[in-house]
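J.: Below are the C-alpha cells for one structure; questions will follow.
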Amino acid sequence: VIVMIFFAGSIGGDWFNEEKVIEYYNEYYEIEFKGQCKMASRMNFVLLDNNKEADICIYEDEYVCIYGDLVNAFWLDGRRKSTKFCIELAVNYAKKGIDVIQRIAGEFSFVLIDFKKERAYMIRDHFGIKQLFWSKVDEMIVFSNFLYGLKDFYETNIISQEYVKKFYNNNGLLDFSETPYINVSRVNVASYIEIDLMYGNFCDKEYWSLISERDKKNNFKLDEDGWVEKIDGLIRTSINNRKKDKMSLLLSGGLDSTTLYSYLSEEDKNIDLEAFSAVFDELSSCDEREYINELVDGHSKDIFNYVSCDNAGILEGCPYSYFYTSEPHVNVINKALNEQLFNAIKNKGYRYVVDGFFADHIFGGSIYYVMDELKKCKFLGAFNYIKEYAEASNKNIREVFWKEILPVRKKKMHGITEQVIEENSKELSKIKKYSNCDMIVQIRSSIARNFADFELAPRYGLECIHPFVDIELVKALYDIPGQYKCSYGVNKEILRKVSRNRLPQKIVERVVKTNHTELSQKGLRDNWGEIYSVLSVGRICKLNFLNISVEEWKEKIVLFRNGEKFDDNIWILISLEMWLYSIAKKYGTVKISE
C-alpha cells in the first residue's frame, strides 16, 4: 500500500484579514518518500539527514512552546536558543524512539516521520492547546493543525449527528476523536496516532494521564507553607518558560490575572508589558476598576489600558458579526468582549496575549476532601471542616453533608450535570482521592475549548499564552491535600497564600466574582429582534437525540430571554443553533447525517 502524507497548512495572522479566511493552502512543498510517495507541507519542518537520504522529518505547528527535560538539556549543552529545537527532538528520537515524548512539555502539535522504520506519529500536547486533525482517504493520509485545512476531504455542509450528541453531552468539550465531518478525526489530548506507512495501519495511544500520576509514587510530603513555596516556584517557572519580549495581559480585578501581573512585572523590569482591562461606564455592576486601581496605584499608569466594553454583551451584533467556524464553540456567544480587547491589543502593536485561563479549574478546590478524611477515620477533623464550610457559606451542616459531600462517593458532584458525569465516568472511576474528582471534571470540561485561541486570536494576528496551563503545576495541584485548596468555605486558598505578599489585601481577600448578568441581558435586550429571528428557526430540532420541537424551542428561548427559567444546557443549545446558522449562511444548506 502506498501512503501519501501532506500537511494542509498552518493557521496564522498572515492568512486572515478582518473579514474572512483567505483561501491559501493549495501550495505545497514536496519531498520524496523512498521514491514512491510524497509529503508536502506549508508548515515549519526539519530533515535530519545522515547519509544523503532523509531519516526523520518533523512538521510542527507554526506557534509552539516546548520545554521540559529535553529542552533544558538542549540549552545546557550550549546551543543558542535561536537554534531550531525540532532538530534536537529528531536527534533524540533517533536514539530513544517515540518515548522521547515523555521528556517534553508545553503547547505543541507536530508530526514526526521516521523513514527508516516507515512510521509516522501525529502528536498533540497534554491539554489540547494546539490542534491536530487527520483523515485517511483511499491510500492517502492527510493531516492539518486546523480543521478547515482539510476541507477538500469532507462535505462542509453535512454534519455528523453523533458528533453533535457528544458535544452536547460533554457540555461543549472537544476532547474526543470525532469531528463534525465523516472520515475526519482529531488527535486526542495527551495522545498520538502511530501510522504504519507501509500498510496504512494506525493506532491511537495515550502517552500521559493526570490520574496515573499518583501511581508513580512521586507524591510530595509537604506542610502548607511548603506547598505555598512549591506552587510559587512552579508559577514562576511556567511564566519564565512562556515569556516573550513583548507581551499584553488581559487583566481583570480577580485573583488569577492580577497574580500573573505581579509575576510578570516583578521578574523582568525590562519586559515590554501592558495590561488591557474591560471596563464598563454604563454597566457599573460589571466594572472591576475598584480592584484594578489597587494595582495602578503602585505601578506606572502608562502600562494600564482601559477598554470600554459596554457594547459587548451576549450575542452582540447577531447575526451580522457572526462568522463560520468548522466546529461549534460555546464561547462564540460572548465573543464581542474578547474581540474588543483583542482589537485594542492589536492597535497597540502587541502579538502575545497572556491570560489567567485554567486557574479556576486547577486552584478552585472543593469540600469533597472531607470524604478523604473520613476514609482515614479522621472523624473530628472531617466534622470541623464541614462546620467551617457550612458557616462560611451560610448553609446547614447536615444539608452540606448529605447533598454536597456524600454523593461524591458515587461520583456525583454538586453543580455538575448528570450527562457530564456520565461522559466522564470512565475517568472518574480511576480516581483514588475524592478531592480530585472535581478537578478532573473541571479540567476535562475546559481543555480544547479555547475559542479565543483557535478562532479569534488569529484574526487579529495574536497568539494566546496561558501560564496556568502547565503540566508540572497541574500535577502538583492534583497531589496537594484538598484542604489547602478549599478552606473555611473559600476556594483558591493556596493561590491566595501564594499571592498574599504580592497583591493588595483587597484583591487577595476577594471571594465574590463580578457578575456579568447585566452585560448579558443588555446584549439580548438591545438586539432581541435580530437574535430571535436567527434562533427561532430551530435548526437543532433536526437533532433526534434532543427530542425537542420548534415550538418548544421557541418557548425555551423566550423564557431564557425573560429570565423566567434557566436551563443549564441553554448555552450549548444556543451555540449549536448559531453554528448551524453559520453553516447554512455560508453553504446554503446544512444536512444532519445519521
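Letters A, B, ... go to the chains of the C-alpha cells in the order shown; residues in each chain start at 1; ligands are counted from 1 in the same order.
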Need to verify the contact set: Val354 of chain A, 12 Å, only C-alpha atoms, exclusion of same-chain residues closer than 4 positions in sequence. Can you return it as a VMD selection string?
T.: chain A and resid 239 242 to 244 246 to 252 256 to 261 264 273 to 276 342 345 350 358 452 to 453 457 462 to 469
J.: When you look at Trp579 of chain A with a cut-off of 9 Å (counting only C-alpha atoms), what residues show up, excluding the ones that are within fewer than 2 positions of it in the same chain? I need them as a PyMOL selection string.
T.: chain A and resi 323-329+332+574-577+581-584
J.: The selected residues should be written to file as a compact mmCIF listing (two decimals), in the first residue's frame (atoms: N, CA, C and O atoms).
T.:
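The resulting part.txt:
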```txt
# COMPACT_ATOMS: atom_id res chain seq x y z
N PHE A 323 -19.38 34.65 12.38
CA PHE A 323 -18.67 34.07 11.26
C PHE A 323 -18.69 32.54 11.35
O PHE A 323 -18.91 31.95 12.41
N TYR A 324 -18.43 31.93 10.22
CA TYR A 324 -18.41 30.47 10.13
C TYR A 324 -17.19 29.88 10.83
O TYR A 324 -16.07 30.41 10.72
N THR A 325 -17.39 28.80 11.58
CA THR A 325 -16.29 28.01 12.14
C THR A 325 -16.55 26.55 11.81
O THR A 325 -17.70 26.13 11.65
N SER A 326 -15.48 25.77 11.70
CA SER A 326 -15.63 24.37 11.32
C SER A 326 -16.27 23.52 12.42
O SER A 326 -16.81 22.46 12.15
N GLU A 327 -16.17 24.00 13.67
CA GLU A 327 -16.80 23.31 14.80
C GLU A 327 -17.56 24.32 15.64
O GLU A 327 -17.27 25.51 15.62
N PRO A 328 -18.55 23.84 16.42
CA PRO A 328 -19.27 24.76 17.31
C PRO A 328 -18.41 25.12 18.51
O PRO A 328 -17.55 24.34 18.93
N HIS A 329 -18.63 26.30 19.06
CA HIS A 329 -17.91 26.75 20.26
C HIS A 329 -18.90 27.49 21.16
O HIS A 329 -19.59 28.41 20.70
N VAL A 332 -18.59 31.38 21.48
CA VAL A 332 -18.92 32.26 20.36
C VAL A 332 -20.04 33.22 20.76
O VAL A 332 -20.19 34.30 20.21
N ILE A 574 -27.85 27.14 22.30
CA ILE A 574 -27.76 28.39 21.52
C ILE A 574 -26.51 28.37 20.63
O ILE A 574 -26.56 28.78 19.47
N SER A 575 -25.38 27.89 21.19
CA SER A 575 -24.16 27.85 20.38
C SER A 575 -24.32 26.90 19.20
O SER A 575 -23.82 27.18 18.10
N LEU A 576 -25.02 25.80 19.38
CA LEU A 576 -25.28 24.87 18.27
C LEU A 576 -26.19 25.50 17.23
O LEU A 576 -25.96 25.36 16.02
N GLU A 577 -27.21 26.21 17.68
CA GLU A 577 -28.12 26.87 16.73
C GLU A 577 -27.37 27.92 15.92
O GLU A 577 -27.56 28.02 14.69
N TYR A 581 -26.60 27.83 11.89
CA TYR A 581 -26.95 29.03 11.11
C TYR A 581 -25.77 29.48 10.25
O TYR A 581 -25.93 29.80 9.06
N SER A 582 -24.58 29.50 10.82
CA SER A 582 -23.40 29.97 10.07
C SER A 582 -23.07 29.04 8.92
O SER A 582 -22.61 29.48 7.87
N ILE A 583 -23.30 27.74 9.10
CA ILE A 583 -23.07 26.78 8.00
C ILE A 583 -24.07 27.03 6.87
O ILE A 583 -23.69 27.09 5.69
N ALA A 584 -25.34 27.18 7.25
CA ALA A 584 -26.38 27.41 6.24
C ALA A 584 -26.13 28.72 5.50
O ALA A 584 -26.33 28.82 4.28
```
J.: Would you kindly return, as a ChimeraX atom specification, each protein, DNA or RNA residue with an atom no farther than 9 Å from any atom of segment 491-504 of chain A, considering only C-alpha atoms and excluding same-chain residues fewer than 2 positions away?
T.: /A:224-225,227-229,231-232,255-256,258-259,262-263,291,294-295,359-360,362-366,483-489,506-509,511
J.: With DSSP run on the backbone, what are the alpha helix (DSSP H) residues within segment 266-454 of chain A? I'd like them as a VMD selection string.
T.: chain A and resid 266 to 267 289 to 296 335 to 347 359 to 363 369 to 375 379 to 392 397 to 399 418 to 423 425 to 428 437 to 444 451
J.: Please identify every residue of segment 408-494 of chain A that has at least one atom no farther than 12 Å from an atom of segment 142-160 of chain A, counting only C-alpha atoms, and for each give the shortest atom pair and the distance in Å to one decimal, arranged by chain then increasing number, as a tab-separated table.
T.:
```
residue	atom	partner	partner_atom	distance
A:Asp453	CA	A:Phe146	CA	11.5
A:Phe454	CA	A:Phe146	CA	8.2
A:Glu455	CA	A:Phe146	CA	9.9
A:Pro458	CA	A:Phe146	CA	11.7
```
J.: Grab the residues selected above and save them as a short mmCIF file (atom, residue, chain, number, x, y, z; two decimals), in the first residue's frame with C-alpha atoms.
T.:
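Output below, filename out38.cif:
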```cif
data_model
loop_
_atom_site.label_atom_id
_atom_site.label_comp_id
_atom_site.auth_asym_id
_atom_site.auth_seq_id
_atom_site.Cartn_x
_atom_site.Cartn_y
_atom_site.Cartn_z
CA ASP A 453 -7.05 30.66 20.64
CA PHE A 454 -8.49 28.71 17.73
CA GLU A 455 -10.81 31.23 16.09
CA PRO A 458 -5.51 34.50 14.59
#
```
J.: Out of A:Val408, A:Leu341, A:Val441, A:Ile548, which residue has the shortest atom-to-atom distance to Asp355 of chain A when counting only C-alpha atoms?
T.: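 Ranked by minimum distance to Asp355 of chain A, first place goes to A:Leu341.
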J.: Report as a list in words all protein, DNA and RNA residues lying within 9 Å of Asn424 of chain A, evaluated on only C-alpha atoms, omitting residues in the same chain fewer than 4 positions from it.
T.: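 The neighbour list is Asn170, Gln419, Val420, Leu428, Ser429, Ile440, Val441 and Arg444 of chain A.
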J.: Save the residues we just selected, all heavy atoms, as an mmCIF file, in the first residue's frame?
T.:
```
data_model
loop_
_atom_site.group_PDB
_atom_site.id
_atom_site.type_symbol
_atom_site.label_atom_id
_atom_site.label_comp_id
_atom_site.auth_asym_id
_atom_site.auth_seq_id
_atom_site.Cartn_x
_atom_site.Cartn_y
_atom_site.Cartn_z
ATOM 1 N N ASN A 170 -21.006 16.424 26.486
ATOM 2 C CA ASN A 170 -19.761 16.833 27.136
ATOM 3 C C ASN A 170 -19.746 18.319 27.483
ATOM 4 O O ASN A 170 -18.695 18.868 27.796
ATOM 5 C CB ASN A 170 -18.559 16.501 26.249
ATOM 6 C CG ASN A 170 -18.167 15.046 26.345
ATOM 7 O OD1 ASN A 170 -17.438 14.638 27.252
ATOM 8 N ND2 ASN A 170 -18.652 14.240 25.415
ATOM 9 N N GLN A 419 -25.217 14.362 32.697
ATOM 10 C CA GLN A 419 -24.679 13.943 31.408
ATOM 11 C C GLN A 419 -23.159 14.121 31.352
ATOM 12 O O GLN A 419 -22.448 13.299 30.765
ATOM 13 C CB GLN A 419 -25.343 14.694 30.253
ATOM 14 C CG GLN A 419 -25.112 16.199 30.262
ATOM 15 C CD GLN A 419 -26.130 16.932 29.425
ATOM 16 O OE1 GLN A 419 -27.308 16.598 29.467
ATOM 17 N NE2 GLN A 419 -25.687 17.937 28.677
ATOM 18 N N VAL A 420 -22.629 15.177 32.006
ATOM 19 C CA VAL A 420 -21.185 15.379 32.067
ATOM 20 C C VAL A 420 -20.540 14.296 32.925
ATOM 21 O O VAL A 420 -19.494 13.747 32.574
ATOM 22 C CB VAL A 420 -20.843 16.787 32.618
ATOM 23 C CG1 VAL A 420 -19.349 16.913 32.892
ATOM 24 C CG2 VAL A 420 -21.288 17.860 31.632
ATOM 25 N N LEU A 428 -13.477 9.080 36.025
ATOM 26 C CA LEU A 428 -13.780 9.265 37.439
ATOM 27 C C LEU A 428 -13.622 7.977 38.234
ATOM 28 O O LEU A 428 -13.244 8.001 39.409
ATOM 29 C CB LEU A 428 -15.205 9.803 37.599
ATOM 30 C CG LEU A 428 -15.442 11.231 37.106
ATOM 31 C CD1 LEU A 428 -16.922 11.578 37.157
ATOM 32 C CD2 LEU A 428 -14.648 12.227 37.924
ATOM 33 N N SER A 429 -13.883 6.842 37.608
ATOM 34 C CA SER A 429 -13.784 5.560 38.315
ATOM 35 C C SER A 429 -12.346 5.235 38.712
ATOM 36 O O SER A 429 -12.115 4.419 39.600
ATOM 37 C CB SER A 429 -14.349 4.430 37.439
ATOM 38 O OG SER A 429 -13.536 4.246 36.280
ATOM 39 N N ILE A 440 -10.680 16.828 38.090
ATOM 40 C CA ILE A 440 -10.683 16.096 36.818
ATOM 41 C C ILE A 440 -11.827 16.570 35.929
ATOM 42 O O ILE A 440 -11.646 16.825 34.732
ATOM 43 C CB ILE A 440 -10.784 14.580 37.071
ATOM 44 C CG1 ILE A 440 -9.487 14.046 37.667
ATOM 45 C CG2 ILE A 440 -11.122 13.833 35.779
ATOM 46 C CD1 ILE A 440 -8.279 14.165 36.759
ATOM 47 N N VAL A 441 -13.014 16.712 36.503
ATOM 48 C CA VAL A 441 -14.163 17.173 35.718
ATOM 49 C C VAL A 441 -13.940 18.601 35.236
ATOM 50 O O VAL A 441 -14.228 18.940 34.084
ATOM 51 C CB VAL A 441 -15.461 17.076 36.546
ATOM 52 C CG1 VAL A 441 -16.610 17.745 35.809
ATOM 53 C CG2 VAL A 441 -15.806 15.620 36.818
ATOM 54 N N ARG A 444 -11.328 18.493 32.391
ATOM 55 C CA ARG A 444 -11.881 17.884 31.175
ATOM 56 C C ARG A 444 -12.988 18.740 30.565
ATOM 57 O O ARG A 444 -13.280 18.623 29.379
ATOM 58 C CB ARG A 444 -12.381 16.470 31.466
ATOM 59 C CG ARG A 444 -11.262 15.454 31.556
ATOM 60 C CD ARG A 444 -11.787 14.025 31.591
ATOM 61 N NE ARG A 444 -12.727 13.761 30.511
ATOM 62 C CZ ARG A 444 -12.402 13.545 29.241
ATOM 63 N NH1 ARG A 444 -11.139 13.594 28.876
ATOM 64 N NH2 ARG A 444 -13.326 13.285 28.346
#
```
J.: Identify which of the residues A:Lys136, A:Arg119, A:Arg351, A:Lys166 lies closest to Leu197 of chain A, counting only C-alpha atoms when measuring atom-to-atom distances.
T.: A:Arg119
J.: Considering only C-alpha atoms, return as a PyMOL selection string whatever protein or nucleic-acid residues lie within 8 Å of segment 377-391 of chain A, sequence-local ones (same chain, fewer than 3 positions apart) excluded.
T.: chain A and resi 367+370-371+373-374+394-397+400-401+487-490
J.: Write out as a ChimeraX atom specification the residues lying within 12 Å of Phe167 of chain A, counting only C-alpha atoms and excluding same-chain residues fewer than 3 positions away.
T.: /A:160-164,170-180,327-330,419-420,423,445,448-449,569,572-573,575-576
